[in-house]
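Participant: Have a peek at final.csv (CSV, C-alpha atoms and all ligand atoms).
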chain,number,residue,atom,x,y,z
E,1,MET,CA,14.1,23.4,47.7
E,2,ARG,CA,12.7,22.2,51.0
E,3,GLN,CA,15.0,19.8,52.8
E,4,ALA,CA,18.1,20.9,50.8
E,5,GLY,CA,19.8,21.5,54.1
E,6,ARG,CA,18.9,18.2,55.5
E,7,SER,CA,21.5,16.3,53.6
E,8,LEU,CA,24.3,18.4,55.0
E,9,PRO,CA,26.1,17.3,58.2
E,10,GLU,CA,26.8,21.0,59.0
E,11,TYR,CA,23.0,21.7,58.9
E,12,ARG,CA,22.2,18.7,61.2
E,13,ALA,CA,24.9,19.8,63.7
E,14,LEU,CA,23.6,23.4,63.8
E,15,ARG,CA,20.0,22.4,64.1
E,16,ALA,CA,20.5,19.8,66.9
E,17,GLY,CA,18.4,20.5,69.9
E,18,THR,CA,16.4,23.4,68.2
E,19,ALA,CA,12.9,22.9,66.9
E,20,MET,CA,12.4,23.6,63.2
E,21,LEU,CA,10.2,26.7,63.6
E,22,ASP,CA,12.4,28.1,66.4
E,23,ALA,CA,15.4,27.8,64.0
E,24,CYS,CA,13.4,29.6,61.3
E,25,LEU,CA,12.7,32.5,63.8
E,26,ASP,CA,16.3,32.8,65.0
E,27,PRO,CA,17.7,35.3,62.4
E,28,GLU,CA,21.3,34.3,63.0
E,29,MET,CA,20.7,30.6,62.7
E,30,ALA,CA,18.3,31.0,59.7
E,31,SER,CA,21.0,33.1,58.0
E,32,GLU,CA,23.8,30.6,58.6
E,33,ILE,CA,21.7,27.7,57.4
E,34,THR,CA,20.8,29.6,54.3
E,35,LEU,CA,24.5,30.1,53.5
E,36,GLN,CA,25.6,26.6,54.1
E,37,PRO,CA,24.5,25.0,50.7
E,38,VAL,CA,25.8,28.1,48.9
E,39,ARG,CA,29.3,27.7,50.3
E,40,ARG,CA,29.4,24.0,49.7
E,41,HIS,CA,27.8,23.7,46.3
E,42,ASP,CA,28.5,27.0,44.6
E,43,VAL,CA,24.9,27.5,43.4
E,44,ASP,CA,24.0,30.7,41.7
E,45,ALA,CA,21.3,31.7,44.3
E,46,ALA,CA,20.3,30.9,47.8
E,47,ILE,CA,16.8,30.1,49.1
E,48,PHE,CA,16.0,31.5,52.4
E,49,PHE,CA,15.8,29.0,55.2
E,50,SER,CA,12.3,29.2,56.6
E,51,ASP,CA,9.1,27.3,56.1
E,52,ILE,CA,5.7,27.9,54.5
E,53,VAL,CA,4.0,27.7,57.9
E,54,VAL,CA,6.2,30.4,59.5
E,55,PRO,CA,3.6,33.2,58.9
E,56,LEU,CA,0.9,31.0,60.5
E,57,ARG,CA,3.1,30.7,63.6
E,58,LEU,CA,3.8,34.5,63.6
E,59,ALA,CA,0.1,35.2,63.3
E,60,GLY,CA,-0.5,33.2,66.4
E,61,VAL,CA,-1.7,29.9,65.0
E,62,ASP,CA,-0.8,26.8,67.1
E,63,VAL,CA,1.4,25.0,64.6
E,64,GLU,CA,4.6,23.0,64.8
E,65,ILE,CA,6.7,21.0,62.4
E,66,LYS,CA,7.0,17.4,63.6
E,67,PRO,CA,10.2,15.7,62.3
E,68,GLY,CA,9.4,13.1,59.7
E,69,VAL,CA,5.8,14.2,59.6
E,70,GLY,CA,5.5,17.9,58.6
E,71,PRO,CA,3.3,20.8,59.8
E,72,VAL,CA,0.8,19.8,62.5
E,73,MET,CA,-1.9,22.1,63.8
E,74,GLY,CA,-3.2,22.2,67.4
E,75,ALA,CA,-6.7,22.1,66.0
E,76,PRO,CA,-8.1,22.0,62.5
E,77,VAL,CA,-9.9,25.0,61.0
E,78,ARG,CA,-13.2,23.9,59.5
E,79,THR,CA,-16.0,26.3,60.3
E,80,ALA,CA,-16.9,29.9,59.8
E,81,ALA,CA,-16.3,30.5,63.5
E,82,ASP,CA,-12.8,28.9,63.2
E,83,VAL,CA,-12.0,31.3,60.3
E,84,ALA,CA,-13.3,34.2,62.3
E,85,ALA,CA,-11.0,33.2,65.1
E,86,LEU,CA,-8.1,33.4,62.6
E,87,ARG,CA,-9.1,37.0,61.7
E,88,ASP,CA,-9.3,37.9,65.4
E,89,LEU,CA,-5.5,37.2,65.6
E,90,GLY,CA,-5.0,40.4,63.8
E,91,PRO,CA,-2.9,41.3,60.7
E,92,LEU,CA,0.8,40.3,60.3
E,93,THR,CA,2.4,43.6,60.9
E,94,PRO,CA,6.0,44.4,60.1
E,95,GLU,CA,6.7,44.3,63.8
E,96,ARG,CA,5.5,40.7,64.0
E,97,LEU,CA,7.5,39.8,60.9
E,98,ALA,CA,10.7,41.3,62.3
E,99,PRO,CA,12.5,37.9,62.8
E,100,VAL,CA,12.0,37.2,59.1
E,101,SER,CA,13.0,40.6,57.9
E,102,GLU,CA,16.1,40.5,60.1
E,103,GLY,CA,17.0,37.0,59.0
E,104,VAL,CA,16.7,38.0,55.3
E,105,ALA,CA,18.7,41.3,55.8
E,106,ARG,CA,21.5,39.5,57.5
E,107,THR,CA,21.6,36.8,54.8
E,108,VAL,CA,21.5,39.3,51.9
E,109,ALA,CA,24.4,41.2,53.4
E,110,ALA,CA,26.5,38.0,53.8
E,111,LEU,CA,25.7,36.8,50.3
E,112,GLY,CA,27.2,39.8,48.6
E,113,SER,CA,26.4,39.5,44.8
E,114,THR,CA,24.7,36.1,45.1
E,115,PRO,CA,20.9,36.6,45.0
E,116,LEU,CA,18.5,35.4,47.6
E,117,ILE,CA,15.2,33.8,46.7
E,118,GLY,CA,12.4,34.5,49.1
E,119,PHE,CA,9.3,32.3,49.3
E,120,ALA,CA,5.9,31.6,50.7
E,121,GLY,CA,3.3,28.9,50.7
E,122,ALA,CA,0.3,29.4,48.4
E,123,PRO,CA,-3.1,29.8,50.1
E,124,PHE,CA,-4.4,26.4,49.0
E,125,THR,CA,-1.5,24.5,50.4
E,126,LEU,CA,-1.7,26.5,53.7
E,127,ALA,CA,-5.5,26.0,53.8
E,128,ALA,CA,-5.0,22.3,53.2
E,129,TYR,CA,-2.8,22.0,56.3
E,130,LEU,CA,-5.2,24.2,58.3
E,131,VAL,CA,-8.3,22.3,57.4
E,132,GLU,CA,-6.8,18.8,57.6
E,133,GLY,CA,-4.9,19.7,60.8
E,134,GLY,CA,-1.7,18.2,59.3
E,135,PRO,CA,-0.3,16.5,56.2
E,136,SER,CA,-2.7,14.4,54.3
E,137,ARG,CA,-2.6,12.4,51.0
E,138,ASP,CA,-5.6,13.6,49.1
E,139,HIS,CA,-6.7,16.7,51.0
E,140,LEU,CA,-10.2,15.4,51.2
E,141,ALA,CA,-11.4,17.7,54.1
E,142,ALA,CA,-10.1,20.8,52.3
E,143,ARG,CA,-11.7,19.8,49.0
E,144,THR,CA,-15.0,19.0,50.8
E,145,LEU,CA,-15.0,22.4,52.5
E,146,MET,CA,-14.5,24.3,49.2
E,147,HIS,CA,-17.7,22.8,47.9
E,148,ALA,CA,-19.8,22.4,51.0
E,149,ASP,CA,-19.2,25.9,52.3
E,150,PRO,CA,-17.7,28.0,49.6
E,151,GLU,CA,-18.1,31.2,51.5
E,152,THR,CA,-16.0,29.9,54.5
E,153,TRP,CA,-13.5,28.5,52.0
E,154,ARG,CA,-13.2,31.9,50.4
E,155,ASP,CA,-12.7,33.6,53.7
E,156,LEU,CA,-10.1,31.1,54.8
E,157,THR,CA,-8.0,31.2,51.6
E,158,SER,CA,-8.3,35.0,51.5
E,159,TRP,CA,-6.9,35.1,55.1
E,160,ALA,CA,-4.1,32.7,54.1
E,161,ALA,CA,-3.3,35.0,51.1
E,162,GLU,CA,-3.0,38.0,53.4
E,163,VAL,CA,-0.6,36.4,55.9
E,164,THR,CA,1.5,34.6,53.3
E,165,GLY,CA,1.5,37.7,51.1
E,166,ALA,CA,2.8,39.7,54.0
E,167,PHE,CA,5.5,37.1,54.7
E,168,LEU,CA,6.6,37.2,51.0
E,169,ARG,CA,6.6,41.0,50.9
E,170,ALA,CA,8.6,41.3,54.1
E,171,GLN,CA,11.3,39.1,52.5
E,172,VAL,CA,11.5,41.2,49.3
E,173,LEU,CA,11.5,44.5,51.3
E,174,ALA,CA,14.4,43.1,53.3
E,175,GLY,CA,16.4,42.4,50.1
E,176,ALA,CA,15.3,39.1,48.5
E,177,SER,CA,15.7,39.2,44.7
E,178,ALA,CA,13.0,36.8,43.7
E,179,ALA,CA,9.7,35.6,45.2
E,180,GLN,CA,8.6,32.0,44.9
E,181,LEU,CA,5.1,30.8,45.7
E,182,PHE,CA,4.9,27.1,46.6
E,183,ASP,CA,1.6,25.4,46.0
E,184,SER,CA,2.8,22.0,46.8
E,185,TRP,CA,-0.6,20.3,47.0
E,186,ALA,CA,-2.4,22.0,44.1
E,187,GLY,CA,-1.9,18.8,42.2
E,188,SER,CA,-4.8,17.3,44.1
E,189,LEU,CA,-7.1,19.6,42.2
E,190,GLY,CA,-8.6,19.5,38.8
E,191,LEU,CA,-8.4,22.6,36.6
E,192,ALA,CA,-12.0,23.7,37.3
E,193,ASP,CA,-11.6,23.6,41.0
E,194,TYR,CA,-8.3,25.3,40.8
E,195,THR,CA,-9.7,28.1,38.7
E,196,ALA,CA,-12.8,28.7,40.7
E,197,HIS,CA,-11.7,28.0,44.3
E,198,VAL,CA,-7.9,28.6,44.4
E,199,ALA,CA,-6.7,31.0,41.7
E,200,PRO,CA,-8.4,34.1,43.3
E,201,ALA,CA,-6.4,33.7,46.5
E,202,SER,CA,-3.2,32.9,44.7
E,203,THR,CA,-3.6,36.0,42.7
E,204,GLN,CA,-4.1,37.9,45.9
E,205,ALA,CA,-0.9,36.4,47.4
E,206,LEU,CA,1.3,37.2,44.4
E,207,ALA,CA,-0.3,40.7,44.2
E,208,ALA,CA,1.4,41.4,47.6
E,209,VAL,CA,4.7,41.9,45.8
E,210,ALA,CA,3.4,43.1,42.4
E,211,ASP,CA,4.6,46.7,43.0
E,212,LEU,CA,8.1,45.6,43.9
E,213,ASP,CA,10.9,45.0,41.4
E,214,VAL,CA,11.0,41.3,41.7
E,215,ARG,CA,10.3,38.3,39.5
E,216,ARG,CA,7.6,35.9,40.8
E,217,VAL,CA,8.0,32.1,40.5
E,218,HIS,CA,5.1,29.8,41.0
E,219,PHE,CA,5.7,26.1,41.7
E,220,GLY,CA,3.5,23.1,42.4
E,221,THR,CA,3.8,19.4,42.2
E,222,GLY,CA,1.5,17.2,40.1
E,223,THR,CA,0.4,20.4,38.4
E,224,SER,CA,1.1,19.4,34.7
E,225,GLU,CA,-2.6,20.2,33.9
E,226,LEU,CA,-2.5,23.5,35.8
E,227,LEU,CA,0.6,25.2,34.4
E,228,VAL,CA,-1.3,27.9,32.4
E,229,ALA,CA,-3.7,28.7,35.2
E,230,MET,CA,-0.7,28.9,37.6
E,231,ARG,CA,1.0,31.4,35.3
E,232,ASP,CA,-2.1,33.4,34.9
E,233,VAL,CA,-2.5,34.2,38.6
E,234,GLY,CA,0.5,36.6,38.2
E,235,ALA,CA,3.7,34.5,37.8
E,236,ASP,CA,6.7,35.5,35.7
E,237,VAL,CA,8.3,32.1,35.9
E,238,VAL,CA,6.6,28.7,36.2
E,239,GLY,CA,8.2,26.0,38.2
E,240,VAL,CA,7.7,22.5,36.8
E,241,ASP,CA,8.0,19.3,38.8
E,242,TYR,CA,9.8,16.2,37.6
E,243,ARG,CA,6.8,14.7,35.9
E,244,LEU,CA,6.6,16.8,32.8
E,245,PRO,CA,9.5,17.3,30.3
E,246,LEU,CA,10.3,21.0,30.0
E,247,ASP,CA,9.8,21.1,26.2
E,248,GLU,CA,6.2,19.9,26.7
E,249,ALA,CA,5.7,22.4,29.6
E,250,ASN,CA,7.0,25.1,27.3
E,251,ARG,CA,4.5,24.0,24.6
E,252,ARG,CA,1.6,24.1,27.0
E,253,LEU,CA,2.6,27.6,28.1
E,254,GLY,CA,2.7,28.9,24.5
E,255,GLY,CA,6.4,29.3,24.4
E,256,ARG,CA,6.4,32.7,26.2
E,257,THR,CA,7.1,31.8,29.8
E,258,PRO,CA,10.5,31.2,31.5
E,259,LEU,CA,10.6,27.8,33.3
E,260,GLN,CA,12.2,26.5,36.4
E,261,GLY,CA,13.0,22.8,36.9
E,262,ASN,CA,13.0,19.9,36.8
E,263,ILE,CA,15.7,17.4,37.7
E,264,ASP,CA,14.1,14.3,39.2
E,265,PRO,CA,15.2,14.1,42.9
E,266,ALA,CA,14.9,10.3,42.7
E,267,LEU,CA,17.9,10.3,40.3
E,268,LEU,CA,20.2,11.9,42.9
E,269,GLY,CA,20.5,8.4,44.2
E,270,ALA,CA,21.2,6.8,40.8
E,271,PRO,CA,24.6,6.0,39.4
E,272,TRP,CA,26.3,9.2,38.1
E,273,PRO,CA,26.1,8.4,34.4
E,274,VAL,CA,22.3,8.0,34.7
E,275,LEU,CA,22.0,11.3,36.6
E,276,GLU,CA,24.3,13.1,34.2
E,277,ALA,CA,22.3,11.9,31.1
E,278,HIS,CA,19.1,13.1,32.8
E,279,VAL,CA,20.5,16.5,33.7
E,280,ARG,CA,21.8,17.0,30.1
E,281,ASP,CA,18.3,16.1,28.8
E,282,VAL,CA,16.6,18.5,31.2
E,283,VAL,CA,19.0,21.3,30.1
E,284,ALA,CA,18.5,20.5,26.4
E,285,ARG,CA,14.7,20.6,26.7
E,286,GLY,CA,14.8,23.7,28.8
E,287,GLU,CA,16.6,25.5,26.0
E,288,GLN,CA,13.4,25.7,24.1
E,289,ALA,CA,11.8,28.0,26.7
E,290,PRO,CA,12.5,31.7,26.7
E,291,GLY,CA,14.4,31.2,30.0
E,292,HIS,CA,15.4,28.3,32.2
E,293,VAL,CA,16.3,28.3,35.9
E,294,VAL,CA,17.9,24.9,36.4
E,295,ASN,CA,16.9,23.2,39.7
E,296,LEU,CA,15.2,20.1,41.1
E,297,GLY,CA,11.6,19.1,40.3
E,298,HIS,CA,11.0,18.8,44.0
E,299,GLY,CA,13.0,18.7,47.3
E,300,VAL,CA,16.3,17.1,48.0
E,301,PRO,CA,15.8,13.7,49.7
E,302,PRO,CA,17.4,13.9,53.2
E,303,ASP,CA,19.7,10.9,52.5
E,304,THR,CA,21.2,12.4,49.4
E,305,ASP,CA,25.1,12.4,49.2
E,306,PRO,CA,26.0,16.1,49.3
E,307,ASP,CA,28.9,15.5,47.0
E,308,VAL,CA,26.5,14.4,44.3
E,309,LEU,CA,24.8,17.9,44.6
E,310,THR,CA,28.2,19.6,44.3
E,311,ARG,CA,29.0,17.6,41.2
E,312,LEU,CA,25.6,18.3,39.7
E,313,VAL,CA,26.0,22.1,40.1
E,314,ALA,CA,29.5,21.9,38.4
E,315,LEU,CA,28.0,19.9,35.5
E,316,VAL,CA,25.2,22.5,35.0
E,317,HIS,CA,27.8,25.3,35.1
E,318,GLY,CA,29.8,23.4,32.5
E,319,LEU,CA,26.8,23.2,30.2
D,401,LIG,O1,15.6,23.8,51.4
D,401,LIG,C1,15.5,24.7,52.2
D,401,LIG,O2,16.1,24.7,53.3
D,401,LIG,C2,14.7,25.9,51.8
D,401,LIG,C3,13.8,26.4,52.8
D,401,LIG,C4,12.4,25.6,52.8
D,401,LIG,C5,12.0,24.8,53.9
D,401,LIG,N1,10.7,24.5,53.7
D,401,LIG,C6,12.8,24.4,55.1
D,401,LIG,C7,12.4,23.0,55.7
D,401,LIG,C8,11.4,25.7,51.9
D,401,LIG,C9,11.4,26.4,50.5
D,401,LIG,C10,10.3,25.0,52.4
D,401,LIG,C11,9.0,25.0,51.8
D,401,LIG,C12,8.0,24.0,52.3
D,401,LIG,N2,7.7,23.6,53.5
D,401,LIG,C13,7.0,23.5,51.4
D,401,LIG,C14,6.8,23.8,49.9
D,401,LIG,C15,7.8,23.1,49.1
D,401,LIG,C16,7.7,21.6,48.9
D,401,LIG,O3,8.6,20.9,49.3
D,401,LIG,O4,6.6,21.2,48.5
D,401,LIG,C17,6.2,22.6,52.2
D,401,LIG,C18,5.1,21.7,51.7
D,401,LIG,C19,6.6,22.7,53.5
D,401,LIG,C20,6.1,22.0,54.7
D,401,LIG,C21,7.1,21.1,55.3
D,401,LIG,N3,8.2,21.6,56.1
D,401,LIG,C22,7.2,19.7,55.2
D,401,LIG,C23,6.3,18.8,54.4
D,401,LIG,C24,8.4,19.3,55.9
D,401,LIG,C25,9.1,18.0,56.0
D,401,LIG,C26,8.8,17.3,57.3
D,401,LIG,C27,9.7,16.1,57.4
D,401,LIG,O5,10.5,16.1,58.3
D,401,LIG,O6,9.5,15.1,56.6
D,401,LIG,C28,9.0,20.5,56.4
D,401,LIG,C29,10.2,20.6,57.3
D,401,LIG,C30,11.3,21.4,56.7
D,401,LIG,N4,11.2,22.6,56.1
D,401,LIG,C31,12.7,21.0,56.7
D,401,LIG,C32,13.4,22.1,56.1
D,401,LIG,C33,14.9,22.2,55.9
D,401,LIG,C34,13.2,19.8,57.3
D,401,LIG,C35,13.4,20.1,58.8
D,401,LIG,C36,14.4,19.0,59.4
D,401,LIG,O7,13.9,17.9,59.7
D,401,LIG,O8,15.5,19.4,59.6
Give the structure from the file, written as structure tokens.

Facilitator:
Amino acid sequence: MRQAGRSLPEYRALRAGTAMLDACLDPEMASEITLQPVRRHDVDAAIFFSDIVVPLRLAGVDVEIKPGVGPVMGAPVRTAADVAALRDLGPLTPERLAPVSEGVARTVAALGSTPLIGFAGAPFTLAAYLVEGGPSRDHLAARTLMHADPETWRDLTSWAAEVTGAFLRAQVLAGASAAQLFDSWAGSLGLADYTAHVAPASTQALAAVADLDVRRVHFGTGTSELLVAMRDVGADVVGVDYRLPLDEANRRLGGRTPLQGNIDPALLGAPWPVLEAHVRDVVARGEQAPGHVVNLGHGVPPDTDPDVLTRLVALVHGL
């Protein structure tokens, strides 16, 4: 998950002096950072070191990741003319995606039999950053736009689906074994808005890898009410955040969808017996689903003790 690397001293040492997005676009550095937590924690899969806004940068959008803040745009995208200007940037061709493809190919070669998870941001989460101009709490401007000017909203989310779909596809073509779509902010939407104004673009994004032999994972936070809709846009596996127990998520999904989740990142800072009991509970509840990918219910807090993560992986392997 995002920030997994941040708790590692070897990550901080390698990243020192390099801006986040520059690190993502340096194939050698991105590959080495991807491998660090695999070496250290003995996890069963790697997640590619990149960011959901990388395809925006590659498309020519003025975006950077400010430390402690998140993605920040040079200017917000709010009008039909703003969206037309995004279209004028041209499609994300394989040539423009070369740093990503090269980073993935290097990583897959180095990983050997350990699979690599590729990922991309979902159109709503990307559109929320573009419309707001940066991180926001309730995504008010984005939610206003979807109702005030649905046509511009549709154009914007369809553009976002194109670039993020191209980013995801490039990773799979370069050797990633799974494709995860992160709709981190979908939880700010009710089901009706999600279905009418977001699901079509998410379907479009996941369709970008539908013809490839790869499972599609769809994750959001605060999305307990949206799990069925998030599966039905074309996901094979639904990622569940830490808020909903997996047996209840499985019930909501009709018992036919493999789940991913959902250890509460807050408990990484709790005494070991508390964390251990929680992990055992997560694994027991996950057994009710037709499949369970054990991971965290959101990103690793940057101040997490890396040894706790190593111990946690060993515990899960033991179970
Ligand atoms: O853990 C990993 O290294 C996997 C790679 C990964 C990153 N970002 C690297 C990263 C993944 C899967 C992401 C996804 C991502 N990025 C999401 C979706 C998942 C989620 O967490 O909800 C979102 C919303 C983003 C946007 C983003 N990028 C935010 C909000 C931040 C945090 C900003 C901050 O400093 O508080 C980032 C930065 C980021 N992306 C870091 C990493 C390792 C931290 C960079 C650093 O400070 O070293």

Participant: Give me the residues within 7 Å of range 31-41 of chain E as a list in words, counting all atoms listed in the file and dropping any in the same chain fewer than 3 places off.

Facilitator: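 In the requested form, the answer reads Gly5, Tyr11, Pro27, Glu28, Ala46, Ile47, Phe48, Phe49, Gly103, Arg106, Thr107, Leu309, Thr310 and Val313 of chain E.
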
Participant: Show me which residues are within 7 Å of ligand LIG 401 (chain D) counting only C-alpha atoms and all ligand atoms, and format the list as a PyMOL selection string.

Facilitator: chain E and resi 1-6+12+20+34+47-53+65-71+119+121+182-184+298-299

Participant: Would you please work out which residue, of E:Leu191, E:Ala186, E:Ala148, E:Val63, is nearest to Gly133 in chain E when using all atoms listed in the file?

Facilitator: E:Val63

Participant: Find the residue from E:Asp149, E:Phe167, E:Arg143, E:Ala208 that sits nearest to Tyr194 in chain E; use all atoms listed in the file when measuring.

Facilitator: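 Smallest distance to Tyr194 in chain E is found for E:Arg143.
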
Participant: One number please: CA of Gly118 in chain E to CA of Ala179 in chain E, in Å, one decimal.

Facilitator: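 Result for CA of Gly118 in chain E versus CA of Ala179 in chain E: 4.9 Å, one decimal.
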
Participant: Neighbouring residues of Phe219 in chain E were defined as those with any atom within 12 Å, considering all atoms listed in the file; residues of the same chain fewer than 5 positions away were excluded. Please report them as an NGL selection string.

Facilitator: :E and (1 or 119-122 or 125 or 179-187 or 202 or 224 or 226-231 or 233 or 235-242 or 259-262 or 295-299)

Participant: Which residue out of E:Pro306, E:Gly134, E:Pro91, E:Pro200 has the minimum interatomic distance to Pro55 in chain E when all atoms listed in the file are used?

Facilitator: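 Distance minimum relative to Pro55 in chain E lands on E:Pro91.
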
Participant: Using only C-alpha atoms, which of E:Gly291, E:Pro123, E:Ser7, E:Ala30 sits nearest Val308 in chain E?

Facilitator: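 Checking each of E:Gly291, E:Pro123, E:Ser7, E:Ala30 against Val308 in chain E, counting only C-alpha atoms, the winner is E:Ser7.
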
Participant: In Å to one decimal, how far is CA of Ala199 in chain E from CA of Ala166 in chain E?

Facilitator: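 These atoms are spaced 17.8 Å apart.
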
Participant: Give me the residues near range 275-288 of chain E as a list in words, where near means some atom within 6 Å (using only C-alpha atoms) and where sequence neighbours in that chain fewer than 2 positions away do not count.

Facilitator: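 That gives Leu246, Asp247, Leu267, Trp272, Pro273 and His292 of chain E.
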
Participant: Can you pull out every residue within 8 Å of Ser158 in chain E, counting all atoms listed in the file, but drop anything in the same chain fewer than 4 positions away, and send it as a PDB file with C-alpha atoms, in the coordinates of the input?

Facilitator:
ATOM      1  CA  PRO E 123      -3.100  29.800  50.100  1.00  0.00           C
ATOM      2  CA  ARG E 154     -13.200  31.900  50.400  1.00  0.00           C
ATOM      3  CA  GLU E 162      -3.000  38.000  53.400  1.00  0.00           C
ATOM      4  CA  ALA E 201      -6.400  33.700  46.500  1.00  0.00           C
ATOM      5  CA  GLN E 204      -4.100  37.900  45.900  1.00  0.00           C
TER       6      GLN E 204
END

Participant: Name the closest residue to Pro265 in chain E among the candidates E:Ala160, E:Met73, E:Val300, E:Val294; distances are taken between atoms, counting only C-alpha atoms.

Facilitator: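 The answer is E:Val300, which sits nearest to Pro265 in chain E.
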
Participant: Pick out the closest residue to Val83 in chain E from this set: E:Leu130, E:Leu140, E:Val209, E:Arg243. Count all atoms listed in the file.

Facilitator: E:Leu130

Participant: When you draw a straight line from CA of Leu97 in chain E to CA of Cys24 in chain E, how long is it in Å?

Facilitator: 11.8 Å
